[in-house]
$ cat target04.cif   # mmCIF, C-alpha atoms
data_start
#
loop_
_atom_site.label_atom_id
_atom_site.label_comp_id
_atom_site.auth_asym_id
_atom_site.auth_seq_id
_atom_site.Cartn_x
_atom_site.Cartn_y
_atom_site.Cartn_z
CA MET A 1 -12.89 138.01 65.89
CA ASN A 2 -16.35 137.82 64.34
CA LYS A 3 -18.73 136.51 67.01
CA LYS A 4 -20.88 134.55 64.58
CA MET A 5 -17.84 132.90 63.03
CA VAL A 6 -16.84 131.72 66.49
CA THR A 7 -20.37 130.32 66.82
CA ILE A 8 -20.21 128.35 63.60
CA ILE A 9 -16.73 127.06 64.38
CA ALA A 10 -18.15 126.01 67.74
CA ALA A 11 -20.97 124.21 66.02
CA LEU A 12 -18.53 121.84 64.36
CA ALA A 13 -15.38 122.33 66.33
CA MET A 14 -15.82 123.30 69.97
CA CYS A 15 -18.41 123.86 72.67
CA THR A 16 -17.06 127.36 73.33
CA ALA A 17 -20.44 129.07 73.08
CA MET A 18 -21.64 127.29 76.21
CA ALA A 19 -21.62 129.56 79.23
CA GLY A 20 -21.86 126.61 81.60
CA CYS A 21 -18.89 124.59 80.33
CA THR A 22 -16.11 126.11 82.40
CA GLU A 23 -13.17 123.73 82.20
CA SER A 24 -14.13 122.34 78.81
CA ASP A 25 -14.81 125.82 77.48
CA THR A 26 -11.36 127.04 78.44
CA ALA A 27 -9.70 124.35 76.37
CA SER A 28 -12.22 124.74 73.54
CA SER A 29 -11.89 128.50 73.37
CA SER A 30 -8.14 128.25 72.98
CA LYS A 31 -8.54 125.77 70.14
CA ALA A 32 -11.24 127.87 68.47
CA GLU A 33 -8.96 130.88 68.44
CA THR A 34 -6.27 128.74 66.81
CA THR A 35 -8.48 127.24 64.15
CA THR A 36 -9.92 130.59 63.11
CA THR A 37 -6.54 132.27 62.61
CA THR A 38 -6.53 133.68 59.10
CA THR A 39 -3.70 134.14 56.63
CA THR A 40 -3.23 136.14 53.47
CA ALA A 41 -4.08 133.19 51.25
CA ALA A 42 -7.75 133.02 50.21
CA ALA A 43 -9.53 129.73 50.73
CA GLU A 44 -10.80 129.69 47.17
CA SER A 45 -7.33 130.08 45.68
CA THR A 46 -5.89 127.25 47.76
CA ALA A 47 -8.84 124.87 47.29
CA PRO A 48 -7.15 122.42 44.88
CA ALA A 49 -4.01 122.27 47.00
CA GLU A 50 -6.04 121.73 50.16
CA SER A 51 -7.95 118.91 48.52
CA THR A 52 -4.64 117.21 47.79
CA ALA A 53 -3.39 117.91 51.29
CA ASP A 54 -6.46 116.22 52.69
CA GLU A 55 -5.26 112.84 51.44
CA SER A 56 -3.75 111.69 54.73
CA THR A 57 -6.88 112.73 56.64
CA ALA A 58 -9.15 111.12 54.09
CA ASP A 59 -7.14 107.91 54.41
CA GLU A 60 -7.78 107.95 58.16
CA SER A 61 -11.52 108.21 57.56
CA THR A 62 -11.48 105.13 55.34
CA ALA A 63 -10.37 103.04 58.29
CA ASP A 64 -13.80 103.62 59.83
CA SER A 65 -15.65 102.87 56.61
CA THR A 66 -16.80 99.58 55.16
CA SER A 67 -15.41 100.74 51.84
CA THR A 68 -11.69 100.67 51.18
CA ASN A 69 -11.90 103.40 48.51
CA ALA A 70 -10.49 100.93 46.02
CA GLY A 71 -11.32 101.30 42.35
CA THR A 72 -12.60 104.33 40.53
CA THR A 73 -15.64 106.55 40.75
CA ASP A 74 -18.12 107.43 38.03
CA TYR A 75 -18.59 110.88 39.60
CA ASP A 76 -18.67 113.64 36.99
CA VAL A 77 -17.40 116.94 38.38
CA ASP A 78 -19.21 118.74 35.55
CA GLY A 79 -22.41 116.72 35.83
CA ASP A 80 -25.67 117.40 37.65
CA PHE A 81 -25.36 114.79 40.41
CA ARG A 82 -24.18 116.05 43.80
CA ALA A 83 -23.52 113.64 46.66
CA PHE A 84 -24.31 116.37 49.20
CA GLU A 85 -27.80 116.89 47.79
CA GLN A 86 -28.43 113.14 47.95
CA LEU A 87 -27.31 113.09 51.59
CA LYS A 88 -29.44 116.10 52.45
CA GLU A 89 -32.52 114.47 50.96
CA LYS A 90 -31.87 111.22 52.83
CA TYR A 91 -31.74 112.97 56.22
CA ALA A 92 -34.31 115.68 55.55
CA ASP A 93 -36.29 114.58 58.63
CA GLY A 94 -33.32 114.82 60.99
CA TYR A 95 -29.92 113.30 61.63
CA LEU A 96 -27.43 112.21 64.26
CA VAL A 97 -23.77 112.50 63.31
CA THR A 98 -20.62 111.72 65.27
CA LEU A 99 -17.35 113.34 64.23
CA GLU A 100 -13.71 113.23 65.26
CA GLY A 101 -11.45 116.23 64.94
CA GLN A 102 -8.21 116.04 63.00
CA MET A 103 -5.03 118.14 62.98
CA SER A 104 -5.54 121.17 65.27
CA ASN A 105 -8.43 119.54 67.15
CA SER A 106 -7.18 115.97 66.86
CA GLY A 107 -8.89 113.40 69.06
CA THR A 108 -11.84 115.56 70.06
CA LYS A 109 -15.19 113.81 69.66
CA TYR A 110 -18.35 115.61 68.56
CA THR A 111 -22.00 114.60 68.40
CA ILE A 112 -24.66 116.66 66.63
CA CYS A 113 -28.36 115.83 66.49
CA VAL A 114 -30.92 117.97 64.64
CA LYS A 115 -34.64 117.42 64.10
CA ASP A 116 -37.83 119.51 63.86
CA GLY A 117 -36.28 122.77 65.03
CA LYS A 118 -34.47 121.11 67.94
CA ALA A 119 -30.75 120.52 68.32
CA TYR A 120 -28.18 118.80 70.52
CA GLU A 121 -24.45 119.29 70.32
CA SER A 122 -21.63 117.87 72.44
CA SER A 123 -17.86 117.85 72.47
CA THR A 124 -15.60 115.54 74.44
CA ILE A 125 -12.07 116.81 74.95
CA GLN A 126 -9.61 114.61 76.83
CA GLY A 127 -12.50 112.72 78.41
CA MET A 128 -14.36 115.87 79.50
CA LYS A 129 -17.80 116.19 77.94
CA SER A 130 -19.87 119.32 77.60
CA TYR A 131 -23.03 119.83 75.60
CA TYR A 132 -25.97 122.06 74.95
CA VAL A 133 -29.56 121.38 73.96
CA TYR A 134 -32.25 123.38 72.20
CA PRO A 135 -35.33 121.28 73.10
CA GLY A 136 -37.79 123.66 71.47
CA ASP A 137 -39.06 125.30 74.66
CA GLY A 138 -37.47 128.67 73.97
CA LYS A 139 -34.41 127.87 76.06
CA LYS A 140 -30.84 126.71 75.57
CA TYR A 141 -29.44 124.33 78.21
CA ASN A 142 -25.64 124.44 78.64
CA VAL A 143 -24.24 121.48 80.56
CA SER A 144 -20.72 120.56 81.66
CA GLU A 145 -20.23 117.01 82.87
CA ALA A 146 -16.65 117.90 83.82
CA THR A 147 -17.75 120.47 86.41
CA THR A 148 -21.32 119.12 86.96
CA THR A 149 -22.68 122.60 86.35
CA TYR A 150 -25.27 124.01 83.97
CA SER A 151 -26.85 127.25 82.86
CA VAL A 152 -30.05 128.08 81.02
CA ASN A 153 -30.38 130.90 78.53
CA GLY A 154 -33.19 132.19 76.37
CA ALA A 155 -33.22 131.12 72.73
CA ASP A 156 -35.33 132.34 69.85
CA GLU A 157 -36.88 129.97 67.34
CA ASN A 158 -33.90 130.17 64.96
CA ASP A 159 -30.98 129.85 67.39
CA TRP A 160 -30.87 126.06 66.96
CA LYS A 161 -29.85 126.55 63.34
CA ASP A 162 -26.31 127.40 64.44
CA SER A 163 -25.94 123.69 65.24
CA ASP A 164 -27.15 122.54 61.82
CA ILE A 165 -23.68 122.86 60.36
CA LEU A 166 -24.04 119.65 58.37
CA PHE A 167 -26.70 121.07 56.06
CA GLY A 168 -27.68 124.54 57.22
CA ALA A 169 -24.39 126.31 56.56
CA ALA A 170 -23.99 125.32 52.89
CA LEU A 171 -25.15 127.59 50.09
CA ASP A 172 -24.52 127.18 46.37
CA PHE A 173 -22.28 124.48 44.98
CA ASP A 174 -18.92 125.91 43.94
CA HIS A 175 -16.90 123.06 42.43
CA ALA A 176 -15.93 119.42 42.89
CA TYR A 177 -12.60 117.65 42.94
CA VAL A 178 -11.91 113.91 42.74
CA ASP A 179 -8.77 112.64 44.44
CA ALA A 180 -7.82 109.77 42.17
CA SER A 181 -5.32 108.34 44.67
CA THR A 182 -7.98 107.77 47.36
CA ASN A 183 -11.15 107.76 45.25
CA VAL A 184 -12.61 110.50 47.45
CA VAL A 185 -15.00 113.07 45.96
CA HIS A 186 -14.63 116.55 47.48
CA GLU A 187 -17.60 118.88 46.96
CA TYR A 188 -17.07 122.57 47.76
CA TYR A 189 -19.99 124.78 48.81
CA LYS A 190 -20.13 128.43 49.72
CA LEU A 191 -20.52 129.11 53.43
CA ASP A 192 -23.69 130.96 54.40
CA SER A 193 -22.51 134.25 55.89
CA ALA A 194 -25.96 134.76 57.46
CA VAL A 195 -25.22 131.72 59.61
CA ALA A 196 -21.45 132.05 59.91
CA GLY A 197 -21.10 135.81 59.95
CA ALA A 198 -18.29 135.58 57.40
CA GLU A 199 -17.53 134.22 53.95
CA GLY A 200 -15.80 130.93 53.31
CA GLN A 201 -16.33 127.38 52.10
CA ILE A 202 -17.46 124.08 53.57
CA VAL A 203 -16.09 120.95 51.92
CA TYR A 204 -17.70 117.51 52.04
CA GLY A 205 -15.61 114.43 51.29
CA PHE A 206 -17.46 111.35 49.97
CA ASP A 207 -16.42 107.80 49.21
CA GLY A 208 -16.28 107.71 45.42
CA ALA A 209 -17.83 104.24 45.22
CA THR A 210 -20.68 104.49 47.76
CA TYR A 211 -20.99 108.28 48.24
CA ASP A 212 -20.93 107.78 52.00
CA LEU A 213 -19.88 110.96 53.81
CA GLN A 214 -16.36 110.58 55.21
CA GLN A 215 -15.00 114.04 55.93
CA ILE A 216 -16.01 117.66 56.52
CA VAL A 217 -13.60 120.57 56.19
CA LEU A 218 -14.46 124.10 57.26
CA LEU A 219 -12.58 126.83 55.39
CA PRO A 220 -13.21 130.36 56.70
CA GLU A 221 -12.27 133.00 54.15
CA GLY A 222 -8.55 133.66 54.27
CA ALA A 223 -7.76 130.30 55.88
CA ASP A 224 -4.99 128.01 54.67
CA GLU A 225 -4.35 124.36 55.50
CA SER A 226 -3.04 125.10 58.98
CA SER A 227 -6.13 127.05 60.08
CA ALA A 228 -8.84 125.01 58.35
CA VAL A 229 -10.93 122.72 60.58
CA TYR A 230 -10.95 119.03 59.62
CA PHE A 231 -13.35 116.31 60.78
CA THR A 232 -13.75 112.66 59.92
CA VAL A 233 -17.25 111.21 60.07
CA ASP A 234 -17.48 108.25 62.44
CA SER A 235 -21.20 107.62 61.89
CA ILE A 236 -24.36 109.22 60.57
CA GLY A 237 -27.95 108.09 60.96
CA GLU A 238 -31.46 109.02 62.01
CA ALA A 239 -31.98 111.55 64.81
CA ASP A 240 -32.23 110.32 68.41
CA ASP A 241 -35.21 112.02 70.05
CA SER A 242 -33.89 111.30 73.55
CA LEU A 243 -31.00 113.71 72.97
CA LEU A 244 -33.40 116.53 72.07
CA ALA A 245 -35.40 116.47 75.30
CA VAL A 246 -34.87 118.79 78.27
CA PRO A 247 -31.87 117.24 80.07
CA ASP A 248 -32.10 115.78 83.57
CA LEU A 249 -30.15 118.30 85.65
CA SER A 250 -30.92 116.89 89.11
CA ALA A 251 -27.26 116.00 89.72
CA TYR A 252 -25.93 119.36 88.45
CA THR A 253 -25.42 122.75 90.05
CA LYS A 254 -26.86 125.81 88.37
CA GLU A 255 -24.41 128.63 87.71
#
$ encode --input "target04.cif" --output "structure tokens"
Amino acid sequence: MNKKMVTIIAALAMCTAMAGCTESDTASSSKAETTTTTTTAAAESTAPAESTADESTADESTADSTSTNAGTTDYDVDGDFRAFEQLKEKYADGYLVTLEGQMSNSGTKYTICVKDGKAYESSTIQGMKSYYVYPGDGKKYNVSEATTTYSVNGADENDWKDSDILFGAALDFDHAYVDASTNVVHEYYKLDSAVAGAEGQIVYGFDGATYDLQQIVLLPEGADESSAVYFTVDSIGEADDSLLAVPDLSAYTKE
């Protein structure tokens, strides 16, 4: 399996890249292997079908939204406006997003915070939390609350970008699809192979009335519905600087 693809899946899906997250890593690694299983069907060829198949997941995301997705959208799939570009501009100075996995990683909670070349990323699986931090001091801190252990590794100035999956992994716009039954706008972007280590697509699902981000779907090349990685967006807002500081490790044991 491509090492960088595992890294980008970890950035949205699991905390498997963390050397210090022993128990949590074991569960995450197993899930990561499952979600990156490829099939003979290309992601691009199945894109319309996968957008339709996302309906049940998109409906789940609306439960957490103030909008009910009622009515119609004025979104023009052939126009110049892109909801993703609007979102990217809004959070250009940093963001904090909380996600919940669906399907293969159902119930897993994720938090990602990115700002000024610093990054924080956590995953909570069955109540066990693990996280890592790039605080900008040339190090990566890997922490497991489940085992109260941590490790510290060197990090170059660009390593934090692996966590910027929300914006950093998207390249050119490919196409858009509007699900008329849920009023959700799905925008498809090419996945940056320089970040991911492989080709594919990342899909952003927006409320058609407000253009609030509701869902993210990661489609590695060759993936079908069963091996794509789905996330609903619980919340998104400004970055929290406290998450980007060197963590207090006084109660943890170094590995």
$ residues_around --input "target04.cif" --residues "Tyr150 (chain A)" --least-positions-apart "4" --cutoff "7 Å" --atoms "only C-alpha atoms" --output "ChimeraX atom specification"
/A:20,142-144,252-255
$ atom_distance --input "target04.cif" --atom1 "CA of Ala170 (chain A)" --atom2 "CA of Thr98 (chain A)"
18.7 Å
$ resolve_selection --input "target04.cif" --expression "the PyMOL selection byres ((chain A and resi 175) around 7)" --output "ChimeraX atom specification"
/A:173-174,176-177,187-188
$ closest_residue --input "target04.cif" --among "A:Asp224, A:Asp207, A:Glu199, A:Glu121" --to "Leu166 (chain A)" --atoms "all atoms listed in the file"
A:Glu121
$ residues_near_point --input "target04.cif" --point "(-36.5, 120.6, 77.1)" --cutoff "10 Å" --atoms "all atoms listed in the file" --output "ChimeraX atom specification"
/A:118,133-141,243-248
$ residues_around --input "target04.cif" --residues "region 82-93 of chain A" --least-positions-apart "6" --cutoff "10 Å" --atoms "all atoms listed in the file" --output "ChimeraX atom specification"
/A:75-76,114-116,166-168,170,173,176,185-189,203-208,210-213,236-239
$ axis_aligned_box --input "target04.cif" --around "region 236-240 of chain A" --padding-each-side "8 Å" --output "JSON"
{"center_x": -28.3, "center_y": 109.8, "center_z": 64.5, "size_x": 23.9, "size_y": 19.5, "size_z": 23.8}
$ residues_around --input "target04.cif" --residues "Lys190 (chain A)" --least-positions-apart "3" --cutoff "6 Å" --atoms "all atoms listed in the file" --output "list in words"
Ala170, Leu171, Asp172 and Gln201 of chain A
$ atom_distance --input "target04.cif" --atom1 "CA of Lys129 (chain A)" --atom2 "CA of Thr108 (chain A)"
9.9 Å
$ atom_distance --input "target04.cif" --atom1 "CA of Leu99 (chain A)" --atom2 "CA of Val77 (chain A)"
26.1 Å
$ residues_near_point --input "target04.cif" --point "(-11.8, 127.0, 58.9)" --cutoff "6 Å" --atoms "all atoms listed in the file" --output "VMD selection string"
chain A and resid 36 218 to 220 227 to 229
$ closest_residue --input "target04.cif" --among "A:Ser123, A:Asn158, A:Ser163, A:Ser242" --to "Glu145 (chain A)" --atoms "all atoms listed in the file"
A:Ser123
